[in-house]
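Everything below belongs to run.tsv, which stores TSV, C-alpha atoms.
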chain	number	residue	atom	x	y	z
E	1	MET	CA	-36.30	61.73	46.43
E	2	ALA	CA	-33.81	63.03	43.95
E	3	ALA	CA	-31.06	61.04	45.72
E	4	LYS	CA	-33.28	57.94	45.67
E	5	ASN	CA	-33.89	58.31	41.93
E	6	THR	CA	-30.17	58.75	41.26
E	7	GLY	CA	-29.38	55.60	43.26
E	8	LEU	CA	-31.93	53.61	41.31
E	9	LEU	CA	-30.54	54.86	38.01
E	10	ARG	CA	-27.03	53.87	39.05
E	11	ASN	CA	-28.14	50.35	40.04
E	12	LYS	CA	-30.00	49.85	36.75
E	13	LYS	CA	-26.90	50.72	34.69
E	14	GLY	CA	-24.84	48.21	36.68
E	15	ASP	CA	-27.49	45.50	36.22
E	16	ILE	CA	-27.55	45.91	32.45
E	17	SER	CA	-23.77	45.48	32.23
E	18	VAL	CA	-23.86	42.36	34.40
E	19	LEU	CA	-26.80	40.99	32.43
E	20	LEU	CA	-24.93	41.57	29.16
E	21	LEU	CA	-21.89	39.85	30.60
E	22	VAL	CA	-23.94	36.83	31.64
E	23	PHE	CA	-25.51	36.58	28.18
E	24	LEU	CA	-22.09	36.85	26.54
E	25	LEU	CA	-20.76	34.11	28.78
E	26	LEU	CA	-23.72	31.89	27.87
E	27	PHE	CA	-23.11	32.60	24.19
E	28	LEU	CA	-19.45	31.80	24.58
E	29	VAL	CA	-20.03	28.47	26.31
E	30	THR	CA	-22.71	27.47	23.77
E	31	TYR	CA	-20.49	28.41	20.83
E	32	VAL	CA	-17.50	26.45	22.12
E	33	MET	CA	-19.74	23.43	22.79
E	34	PHE	CA	-21.10	23.76	19.25
E	35	LEU	CA	-17.59	23.82	17.85
E	36	PHE	CA	-16.51	20.70	19.69
E	37	VAL	CA	-19.69	18.76	18.91
E	38	THR	CA	-19.43	19.44	15.20
E	39	ARG	CA	-15.68	19.12	14.83
E	40	THR	CA	-14.79	16.07	16.88
E	41	GLY	CA	-14.49	12.54	15.51
E	42	LYS	CA	-17.95	11.59	16.70
E	43	VAL	CA	-19.50	11.66	13.29
E	44	ASP	CA	-21.70	8.85	12.04
E	45	ALA	CA	-20.88	8.10	8.45
E	46	SER	CA	-23.76	6.83	6.42
E	47	MET	CA	-22.20	5.07	3.49
E	48	GLY	CA	-24.82	4.44	0.86
E	49	ASP	CA	-22.27	3.88	-1.87
E	50	ALA	CA	-20.17	0.85	-1.00
E	51	ARG	CA	-18.00	1.32	-4.09
E	52	PHE	CA	-15.90	3.50	-1.85
E	53	LEU	CA	-14.65	0.31	-0.17
E	54	GLU	CA	-13.73	-1.14	-3.56
E	55	SER	CA	-11.49	1.83	-4.15
E	56	THR	CA	-9.50	1.23	-0.97
E	57	PHE	CA	-9.30	-2.55	-1.57
E	58	TYR	CA	-8.04	-1.77	-5.08
E	59	GLU	CA	-5.17	0.29	-3.65
E	60	GLU	CA	-4.38	-2.53	-1.22
E	61	GLY	CA	-4.41	-5.11	-4.04
E	62	GLN	CA	-2.05	-2.98	-6.09
E	63	ALA	CA	0.40	-2.70	-3.17
E	64	ARG	CA	0.15	-6.46	-2.54
E	65	PHE	CA	0.98	-7.24	-6.19
E	66	TYR	CA	4.01	-4.94	-6.15
E	67	LEU	CA	5.27	-6.35	-2.84
E	68	THR	CA	4.82	-9.94	-4.03
E	69	SER	CA	6.69	-9.18	-7.28
E	70	ALA	CA	9.50	-7.51	-5.31
E	71	ALA	CA	9.69	-10.47	-2.90
E	72	GLU	CA	9.83	-13.01	-5.76
E	73	LYS	CA	12.73	-11.15	-7.36
E	74	ALA	CA	14.44	-10.78	-3.97
E	75	ILE	CA	14.27	-14.56	-3.41
E	76	ALA	CA	15.81	-15.28	-6.85
E	77	ARG	CA	18.55	-12.66	-6.29
E	78	SER	CA	19.31	-14.14	-2.87
E	79	TYR	CA	19.60	-17.69	-4.25
E	80	ILE	CA	21.96	-16.45	-6.98
E	81	GLU	CA	24.07	-14.51	-4.47
E	82	ILE	CA	24.33	-17.47	-2.09
E	83	ALA	CA	25.43	-19.80	-4.91
E	84	ASN	CA	27.97	-17.23	-6.20
E	85	GLU	CA	29.38	-16.32	-2.81
E	86	LYS	CA	29.83	-19.78	-1.42
E	87	GLY	CA	30.93	-21.40	-4.66
E	88	GLN	CA	29.35	-24.41	-6.27
E	89	MET	CA	30.22	-26.78	-3.42
E	90	VAL	CA	28.15	-24.74	-1.06
E	91	LEU	CA	25.75	-27.57	-0.46
E	92	ASN	CA	28.35	-30.18	0.43
E	93	ASN	CA	27.64	-30.02	4.14
E	94	PHE	CA	24.94	-27.67	5.24
E	95	ASP	CA	22.04	-27.63	7.59
E	96	GLU	CA	18.72	-26.20	6.52
E	97	ALA	CA	18.45	-23.77	9.45
E	98	THR	CA	21.78	-22.09	8.59
E	99	MET	CA	20.86	-21.79	4.92
E	100	ASN	CA	17.43	-20.35	5.77
E	101	LEU	CA	19.09	-17.79	8.03
E	102	LEU	CA	21.45	-16.85	5.22
E	103	LEU	CA	18.51	-16.58	2.82
E	104	LYS	CA	16.65	-14.36	5.30
E	105	ASP	CA	19.63	-11.98	5.60
E	106	LYS	CA	20.05	-11.75	1.84
E	107	MET	CA	16.30	-11.32	1.42
E	108	SER	CA	16.20	-8.32	3.78
E	109	ALA	CA	18.70	-6.38	1.66
E	110	ASN	CA	17.46	-7.52	-1.75
E	111	PHE	CA	13.82	-6.90	-0.91
E	112	GLU	CA	14.53	-3.24	-0.13
E	113	VAL	CA	16.32	-2.89	-3.49
E	114	GLU	CA	13.37	-4.41	-5.37
E	115	LYS	CA	10.76	-2.49	-3.35
E	116	SER	CA	12.45	0.81	-4.15
E	117	LYS	CA	11.47	0.34	-7.82
E	118	TYR	CA	7.84	0.87	-6.86
E	119	ASN	CA	6.32	3.86	-5.13
E	120	LEU	CA	5.98	2.11	-1.77
E	121	ARG	CA	7.96	4.34	0.59
E	122	ASP	CA	5.19	4.33	3.22
E	123	ILE	CA	5.35	0.56	3.56
E	124	LYS	CA	8.03	-0.63	5.97
E	125	VAL	CA	9.12	-4.23	6.47
E	126	GLN	CA	8.59	-5.42	10.04
E	127	SER	CA	9.84	-8.96	9.80
E	128	ILE	CA	10.96	-11.63	7.34
E	129	SER	CA	10.92	-15.30	8.21
E	130	VAL	CA	11.90	-18.37	6.21
E	131	SER	CA	10.58	-21.75	7.20
E	132	GLY	CA	10.89	-24.70	4.81
E	133	GLU	CA	9.54	-23.54	1.49
E	134	ILE	CA	7.53	-20.67	3.01
E	135	VAL	CA	8.72	-17.08	3.16
E	136	ASP	CA	6.60	-14.72	5.29
E	137	ILE	CA	7.03	-10.96	5.14
E	138	GLU	CA	5.15	-8.73	7.54
E	139	PHE	CA	4.75	-4.99	7.01
E	140	SER	CA	3.80	-2.08	9.18
E	141	ASP	CA	0.29	-0.66	8.64
E	142	PHE	CA	0.28	1.80	5.79
E	143	PRO	CA	-2.31	4.46	4.98
E	144	VAL	CA	-4.49	4.02	1.91
E	145	LEU	CA	-6.09	7.41	1.25
E	146	ALA	CA	-9.36	8.03	-0.53
E	147	ASP	CA	-10.94	11.42	-1.19
E	148	LEU	CA	-14.71	11.44	-0.86
E	149	SER	CA	-16.51	14.10	-2.86
E	150	ASP	CA	-20.17	14.94	-3.36
E	151	SER	CA	-21.88	14.87	-6.75
E	152	LYS	CA	-20.64	18.40	-7.45
E	153	GLY	CA	-17.06	17.37	-6.86
E	154	ASN	CA	-16.70	19.13	-3.49
E	155	LEU	CA	-14.52	17.26	-1.04
E	156	ILE	CA	-16.63	15.85	1.81
E	157	ALA	CA	-13.96	14.01	3.72
E	158	LYS	CA	-10.67	12.22	3.44
E	159	ALA	CA	-10.88	8.57	4.39
E	160	ILE	CA	-7.85	6.66	5.62
E	161	TYR	CA	-7.79	2.86	5.53
E	162	ARG	CA	-4.87	1.11	7.21
E	163	PRO	CA	-4.69	-2.49	6.03
E	164	SER	CA	-2.55	-4.94	7.93
E	165	MET	CA	-0.30	-6.33	5.21
E	166	LYS	CA	1.36	-9.71	5.30
E	167	ILE	CA	2.51	-11.69	2.27
E	168	ARG	CA	3.38	-15.37	2.11
E	169	LEU	CA	5.36	-16.84	-0.77
E	170	ASN	CA	5.80	-20.49	-1.47
E	171	ILE	CA	9.29	-20.94	-2.92
E	172	THR	CA	8.21	-24.05	-4.86
E	173	GLU	CA	5.24	-22.25	-6.40
E	174	ARG	CA	7.55	-19.39	-7.39
E	175	GLY	CA	9.73	-21.65	-9.52
E	176	LEU	CA	12.47	-22.75	-7.10
E	177	ASN	CA	12.94	-25.38	-4.38
E	178	SER	CA	13.80	-24.74	-0.75
E	179	PHE	CA	17.25	-25.57	0.67
E	180	GLY	CA	15.52	-28.24	2.76
E	181	GLN	CA	14.14	-29.89	-0.37
E	182	ILE	CA	17.53	-29.66	-2.10
E	183	ASN	CA	19.29	-31.21	0.89
E	184	SER	CA	16.69	-33.95	1.13
E	185	ALA	CA	17.09	-34.74	-2.61
E	186	ARG	CA	20.85	-34.88	-2.10
E	187	GLY	CA	20.39	-37.48	0.64
E	188	VAL	CA	18.00	-39.65	-1.41
E	189	CYS	CA	19.84	-39.40	-4.75
E	190	GLY	CA	23.32	-39.62	-3.21
E	191	ALA	CA	22.59	-43.20	-2.19
E	192	LEU	CA	22.34	-44.24	-5.85
E	193	GLU	CA	25.34	-45.49	-7.81
E	194	LYS	CA	24.88	-44.78	-11.54
E	195	ILE	CA	25.14	-41.21	-12.84
E	196	ASP	CA	21.99	-41.36	-14.98
E	197	GLU	CA	20.05	-42.79	-12.02
E	198	ILE	CA	21.26	-39.94	-9.79
E	199	GLN	CA	20.40	-37.38	-12.47
E	200	GLY	CA	16.90	-38.86	-12.93
E	201	CYS	CA	16.45	-38.87	-9.18
E	202	PHE	CA	17.33	-35.15	-8.88
E	203	ASN	CA	14.98	-34.27	-11.72
E	204	ARG	CA	12.19	-36.18	-9.96
E	205	GLU	CA	12.85	-34.80	-6.47
E	206	LEU	CA	13.42	-31.21	-7.58
E	207	PRO	CA	10.86	-30.53	-10.31
E	208	ASN	CA	11.76	-26.83	-10.56
E	209	PHE	CA	15.37	-27.57	-11.54
E	210	ASP	CA	17.05	-29.24	-14.47
E	211	ALA	CA	19.78	-31.49	-13.03
E	212	ARG	CA	22.99	-32.61	-14.71
E	213	VAL	CA	25.33	-34.95	-12.80
E	214	GLU	CA	29.03	-35.24	-13.63
E	215	GLN	CA	31.85	-37.30	-12.23
E	216	MET	CA	34.77	-35.29	-10.88
E	217	GLY	CA	38.31	-36.64	-10.48
E	218	LYS	CA	39.44	-40.21	-10.19
E	219	GLU	CA	37.93	-40.90	-6.77
E	220	GLY	CA	34.44	-41.01	-8.21
E	221	GLU	CA	33.22	-37.80	-6.64
E	222	LYS	CA	29.99	-36.66	-8.29
E	223	VAL	CA	28.59	-33.17	-8.61
E	224	ALA	CA	25.01	-32.29	-9.48
E	225	TYR	CA	24.51	-29.02	-11.33
E	226	LEU	CA	21.03	-27.63	-10.80
E	227	VAL	CA	19.63	-24.95	-13.12
E	228	SER	CA	16.21	-23.49	-12.42
E	229	LYS	CA	13.68	-24.04	-15.21
E	230	LYS	CA	12.15	-20.66	-14.53
E	231	ARG	CA	14.04	-17.51	-15.52
E	232	PHE	CA	13.81	-14.30	-13.54
E	233	LEU	CA	14.13	-10.83	-15.02
E	234	ILE	CA	16.73	-9.20	-12.78
E	235	GLU	CA	18.35	-5.87	-13.71
E	236	SER	CA	17.28	-6.21	-17.35
E	237	LEU	CA	18.73	-9.71	-17.66
E	238	LEU	CA	16.89	-12.99	-17.77
E	239	LYS	CA	18.64	-15.10	-15.13
E	240	SER	CA	18.35	-18.67	-13.92
E	241	VAL	CA	19.34	-19.88	-10.45
E	242	ASP	CA	22.37	-22.19	-10.80
E	243	ILE	CA	23.50	-24.32	-7.86
E	244	GLY	CA	26.16	-27.03	-7.77
E	245	ILE	CA	26.12	-29.67	-5.05
E	246	LYS	CA	28.51	-32.44	-4.18
E	247	VAL	CA	26.63	-35.74	-4.15
D	1	MET	CA	-28.49	68.56	49.75
D	2	LYS	CA	-27.08	69.97	46.56
D	3	ASN	CA	-23.58	68.91	47.67
D	4	ILE	CA	-24.75	65.41	48.43
D	5	LEU	CA	-26.37	65.07	45.00
D	6	LYS	CA	-23.25	66.31	43.30
D	7	PHE	CA	-21.12	63.87	45.25
D	8	GLY	CA	-23.57	61.03	44.48
D	9	LYS	CA	-23.38	61.71	40.76
D	10	ARG	CA	-19.61	61.51	40.82
D	11	ALA	CA	-19.83	58.09	42.50
D	12	GLN	CA	-22.31	56.95	39.87
D	13	GLY	CA	-19.99	58.05	37.07
D	14	GLY	CA	-17.00	56.25	38.62
D	15	ALA	CA	-18.91	52.99	39.02
D	16	THR	CA	-20.14	53.06	35.41
D	17	ILE	CA	-16.68	53.68	34.03
D	18	THR	CA	-15.33	50.74	36.07
D	19	TRP	CA	-18.05	48.43	34.73
D	20	PHE	CA	-17.55	49.69	31.22
D	21	GLY	CA	-13.79	49.06	31.39
D	22	ALA	CA	-14.35	45.61	32.83
D	23	PHE	CA	-16.93	44.83	30.13
D	24	ILE	CA	-14.56	45.82	27.31
D	25	LEU	CA	-11.76	43.78	28.87
D	26	MET	CA	-13.97	40.70	29.25
D	27	VAL	CA	-15.26	40.93	25.69
D	28	PHE	CA	-11.66	41.14	24.51
D	29	ILE	CA	-10.68	38.06	26.55
D	30	MET	CA	-13.73	36.17	25.22
D	31	THR	CA	-12.81	37.03	21.64
D	32	ILE	CA	-9.33	35.64	22.16
D	33	PHE	CA	-10.84	32.51	23.76
D	34	VAL	CA	-13.16	31.94	20.79
D	35	ALA	CA	-10.28	32.45	18.34
D	36	ILE	CA	-8.11	29.92	20.19
D	37	SER	CA	-11.02	27.44	20.35
D	38	ILE	CA	-11.54	27.67	16.59
D	39	SER	CA	-7.87	27.15	15.88
D	40	ILE	CA	-7.49	24.08	18.09
D	41	ALA	CA	-10.80	22.45	17.07
D	42	GLY	CA	-10.64	19.70	14.40
D	43	GLY	CA	-10.82	20.64	10.76
D	44	ARG	CA	-13.90	18.66	9.88
D	45	ALA	CA	-17.09	20.74	10.09
D	46	VAL	CA	-20.44	19.02	9.84
D	47	PRO	CA	-23.63	21.13	9.94
D	48	LEU	CA	-25.47	20.81	13.25
D	49	ILE	CA	-28.29	23.08	12.18
D	50	GLY	CA	-30.29	22.14	9.13
D	51	SER	CA	-30.44	18.73	7.51
D	52	GLY	CA	-27.77	16.18	8.14
D	53	GLY	CA	-26.84	16.85	11.75
D	54	ASN	CA	-23.60	15.14	12.63
D	55	ILE	CA	-24.17	12.42	10.07
D	56	LEU	CA	-21.83	12.27	7.12
D	57	LYS	CA	-23.78	11.08	4.09
D	58	LEU	CA	-21.99	9.49	1.20
D	59	GLN	CA	-25.12	8.58	-0.74
D	60	GLU	CA	-24.08	10.63	-3.73
D	61	ALA	CA	-20.40	9.98	-3.49
D	62	ASN	CA	-18.49	10.74	-6.63
D	63	PHE	CA	-15.04	9.20	-6.60
D	64	ASP	CA	-12.73	7.75	-9.19
D	65	MET	CA	-14.06	4.27	-9.70
D	66	LYS	CA	-11.38	1.63	-9.84
D	67	SER	CA	-12.37	-1.83	-10.88
D	68	LEU	CA	-11.45	-4.30	-8.17
D	69	SER	CA	-12.53	-7.34	-10.20
D	70	SER	CA	-10.49	-6.18	-13.21
D	71	GLU	CA	-7.47	-5.72	-10.95
D	72	ARG	CA	-7.73	-9.29	-9.65
D	73	THR	CA	-8.09	-10.64	-13.18
D	74	LEU	CA	-5.10	-8.58	-14.33
D	75	ILE	CA	-2.91	-9.89	-11.48
D	76	TYR	CA	-3.92	-13.46	-12.33
D	77	VAL	CA	-3.00	-12.88	-15.99
D	78	LEU	CA	0.38	-11.30	-15.17
D	79	GLU	CA	1.38	-14.13	-12.82
D	80	ASN	CA	0.67	-16.76	-15.49
D	81	PRO	CA	3.64	-18.90	-16.57
D	82	VAL	CA	4.70	-18.54	-20.22
D	83	GLU	CA	7.46	-19.94	-22.40
D	84	PHE	CA	9.51	-17.68	-24.65
D	85	GLU	CA	12.42	-18.96	-26.74
D	86	GLY	CA	12.74	-22.03	-24.51
D	87	ASN	CA	12.74	-20.01	-21.27
D	88	LYS	CA	10.02	-20.38	-18.71
D	89	MET	CA	8.98	-17.17	-16.96
D	90	SER	CA	5.96	-15.25	-15.75
D	91	LEU	CA	3.97	-13.10	-18.15
D	92	LYS	CA	4.91	-9.96	-16.21
D	93	ASP	CA	8.62	-10.73	-16.84
D	94	LEU	CA	7.92	-11.31	-20.54
D	95	ILE	CA	6.24	-7.90	-20.69
D	96	GLY	CA	9.36	-6.51	-18.98
D	97	LEU	CA	11.52	-8.19	-21.66
D	98	TRP	CA	9.30	-6.71	-24.38
D	99	ALA	CA	10.02	-3.26	-22.96
D	100	ILE	CA	13.79	-3.60	-23.32
D	101	ALA	CA	13.86	-5.67	-26.52
D	102	ASP	CA	14.75	-4.38	-29.99
D	103	ASP	CA	12.08	-4.16	-32.70
D	104	ALA	CA	12.45	-7.81	-33.76
D	105	GLY	CA	12.33	-8.99	-30.15
D	106	LYS	CA	9.31	-6.78	-29.48
D	107	GLU	CA	7.44	-8.31	-32.39
D	108	LYS	CA	8.23	-11.87	-31.27
D	109	SER	CA	7.23	-11.30	-27.65
D	110	TRP	CA	4.14	-9.27	-28.62
D	111	GLU	CA	2.55	-12.33	-30.23
D	112	ILE	CA	3.36	-14.62	-27.29
D	113	ILE	CA	2.04	-12.05	-24.82
D	114	ASN	CA	-1.25	-11.59	-26.66
D	115	ASN	CA	-1.85	-15.32	-27.07
D	116	ASN	CA	-1.14	-15.99	-23.42
D	117	VAL	CA	-3.35	-13.12	-22.26
D	118	LYS	CA	-6.25	-14.56	-24.27
D	119	LEU	CA	-5.64	-18.02	-22.78
D	120	ALA	CA	-5.40	-16.70	-19.22
D	121	LEU	CA	-8.50	-14.51	-19.57
D	122	GLY	CA	-10.39	-17.50	-20.95
D	123	ARG	CA	-9.73	-19.39	-17.73
D	124	VAL	CA	-11.29	-16.74	-15.45
D	125	ILE	CA	-13.85	-14.89	-17.57
D	126	PRO	CA	-16.96	-16.43	-19.18
D	127	ALA	CA	-16.55	-16.74	-22.98
D	128	ALA	CA	-19.37	-14.27	-23.66
D	129	GLU	CA	-17.60	-11.52	-21.69
D	130	ILE	CA	-14.05	-11.93	-22.98
D	131	ASP	CA	-14.50	-9.36	-25.76
D	132	CYS	CA	-15.53	-6.79	-23.14
D	133	ASN	CA	-12.05	-6.89	-21.61
D	134	HIS	CA	-9.40	-4.77	-23.23
D	135	PHE	CA	-5.80	-5.59	-22.26
D	136	SER	CA	-3.03	-3.12	-23.11
D	137	TYR	CA	0.58	-2.39	-22.17
D	138	ASN	CA	2.68	0.66	-22.95
D	139	LEU	CA	5.96	2.25	-21.98
D	140	VAL	CA	5.21	5.37	-19.94
D	141	GLU	CA	7.02	8.11	-18.05
D	142	GLU	CA	4.38	8.38	-15.34
D	143	SER	CA	1.46	6.04	-14.78
D	144	LYS	CA	-2.07	7.45	-14.96
D	145	GLU	CA	-5.08	5.69	-13.49
D	146	THR	CA	-8.09	5.34	-15.78
D	147	VAL	CA	-11.64	5.35	-14.42
D	148	GLY	CA	-13.14	1.88	-14.73
D	149	ALA	CA	-9.84	0.16	-15.55
D	150	ALA	CA	-7.23	-1.67	-13.52
D	151	THR	CA	-3.71	-0.30	-13.89
D	152	LEU	CA	-0.46	-1.91	-12.76
D	153	ILE	CA	3.16	-0.93	-13.30
D	154	ILE	CA	6.06	-3.22	-14.23
D	155	PRO	CA	9.39	-1.43	-13.63
D	156	ILE	CA	12.27	-2.50	-15.84
D	157	ALA	CA	15.69	-0.81	-15.76
D	158	ASP	CA	14.89	2.92	-15.95
D	159	LYS	CA	11.60	2.30	-17.78
D	160	LYS	CA	8.05	1.65	-16.69
D	161	VAL	CA	5.47	-0.49	-18.43
D	162	GLU	CA	1.88	0.45	-17.66
D	163	VAL	CA	-0.43	-2.54	-17.97
D	164	LYS	CA	-4.18	-1.95	-18.11
D	165	LEU	CA	-7.27	-4.13	-18.18
D	166	ALA	CA	-10.46	-2.23	-18.92
D	167	ASN	CA	-13.95	-3.65	-18.86
D	168	GLY	CA	-15.94	-2.08	-21.64
D	169	CYS	CA	-19.30	-3.74	-20.93
Using structure tokens, write down the structure that the file contains.
Amino acid sequence: MAAKNTGLLRNKKGDISVLLLVFLLLFLVTYVMFLFVTRTGKVDASMGDARFLESTFYEEGQARFYLTSAAEKAIARSYIEIANEKGQMVLNNFDEATMNLLLKDKMSANFEVEKSKYNLRDIKVQSISVSGEIVDIEFSDFPVLADLSDSKGNLIAKAIYRPSMKIRLNITERGLNSFGQINSARGVCGALEKIDEIQGCFNRELPNFDARVEQMGKEGEKVAYLVSKKRFLIESLLKSVDIGIKV
Amino acid sequence: MKNILKFGKRAQGGATITWFGAFILMVFIMTIFVAISISIAGGRAVPLIGSGGNILKLQEANFDMKSLSSERTLIYVLENPVEFEGNKMSLKDLIGLWAIADDAGKEKSWEIINNNVKLALGRVIPAAEIDCNHFSYNLVEESKETVGAATLIIPIADKKVEVKLANGC
């Protein structure tokens, strides 16, 4: 009987340990499940205060304004560089596609210079294209961050909004004319004979430029000097875009 | 009989020590497992017990309010064409010129800027609300956002002009 009792006692002690182990395992599994349910991304956000969206759109609008300003300056700088590099007879014989390609190359470098003046390091240029009077610049998605706090100022969450940014600039609306328009004006006005007629024609065809036509040499070669009416503030100087073309 | 009992007790003691050792070891392993789980789980904790569940409520959100409509108005104003000393330019460039001008130049451009801002605001804001809008521009080292106002920066040389449009109504 004594041996029987001892055996029972031994079994009971073993059972309690196993039972404890099972309970601990259950606790462990439940706790880990709890952790992953509460800390994964599956959280429904109930947004009663839509002003939060305004905040993110505001940041996006600010970035768009800075990028547009930088692009406008980059276009003006590129026009000035092209005219200076190639000399005033640059537009004697040119095709629009080549000039647009040149403008695109210049734009890529100048845009980075202008963009660096703003705090826009997170925004990277993906592509630049020039077609007629339209310049399109596409950017990689960039994070707009907004901290969401409760009424006591405690941080509830950090929200990240990634707008897809693309800006389109119309060269004519920005105070210049495209190389296509300049070339087309050259064709139309070049057919005229009298200097004042040619000058009037350029002023009509290219409303963003002031044209002055002069006769060069004895052979009657004419050159039209185009000066943009709009001035651009580049590196602390107010600059116009000056282009000379052989008519 | 006595010998058997004695022997049986020894066996009982050995079995208990084995279980006890195994128990301690398992608890130790579980503790490590829980610690690793906590460290690799995401940082966001939402109460599961109590009110709220896994719903993030932003009913009483308290964030720096930035005026989207004021920002759009301000951008429209800054992009407006102006004429200064026979030169056509945008208002943002004229504000840039103001920043680098001498005192006489500042005074001249100040008047043109203010007149053009009034004209531009008049085109987008109803007459009754114009006085609610306060336009200002200052040279700053670092820009600071103001609650309820739109703020934009115009960089010029090594300077920065902070332009603000605040709606006071």
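Across the model, the gap from CA of Phe202 (chain E) to CA of Asn183 (chain E) is 10.7 Å.
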Find the residues around Lys92 (chain D) up to 9 Å (all atoms listed in the file counted), leave out those fewer than 2 positions away in its own chain, and share them as an NGL selection string.
:D and (77-80 or 89-90 or 94-97 or 154)
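With CA of Thr151 (chain D) on one side and CA of Ile130 (chain D) on the other, the separation reads 18.0 Å.
In this comparison, which uses all atoms listed in the file, the residue of E:Val213, E:Leu101, E:Ala70, E:Ile80 approaching chain D most closely is E:Ala70.
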Pairwise distance for CA of Glu96 (chain E) and CA of Phe65 (chain E), rounded to one decimal in Å
28.9 Å
Exercise: residues within 10 Å of coordinate (14.8, -13.9, -14.1), counting only C-alpha atoms, as a ChimeraX atom specification
/E:72-73,76-77,228,230-241 /D:87-90,93-94
Counting only C-alpha atoms, which residue out of E:Lys222, E:Ile195, E:Leu176, E:Ser55 sits closest to Asp210 (chain E)?
E:Leu176
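Every residue within 8 Å of the file position (10.1, -33.5, -3.3), judged by all atoms listed in the file, is given as Gln181, Ser184, Ala185, Arg204, Glu205, Leu206 and Pro207 of chain E.
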For a quick check of understanding, using all atoms listed in the file, which of E:Lys104, E:Phe36, E:Tyr58, E:Glu114 has the smallest distance to Ala149 (chain D)?
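Counting all atoms listed in the file, the residue closest to Ala149 (chain D) is E:Tyr58.
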Contacts of Ile75 (chain E) at 8 Å or less, counting only C-alpha atoms, minus same-chain residues fewer than 6 places along, as an NGL selection string?
:E and (103 or 107 or 110)
I'd like the neighbourhood of Arg168 (chain E) as a list in words, where a residue qualifies if any of its atoms comes within 12 Å (using all atoms listed in the file), though same-chain residues fewer than 6 positions away should be ignored.
Arg64, Phe65, Leu67, Thr68, Ser69, Ala71, Glu72, Ser127, Ile128, Ser129, Val130, Ser131, Glu133, Ile134, Val135, Asp136, Ile137, Glu138, Phe139 and Arg174 of chain E
Between E:Ala83, E:Asn170, E:Asp242, E:Asn208, which is the closest to chain D once you count all atoms listed in the file?
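Using all atoms listed in the file, chain D sits closest to E:Asn208.
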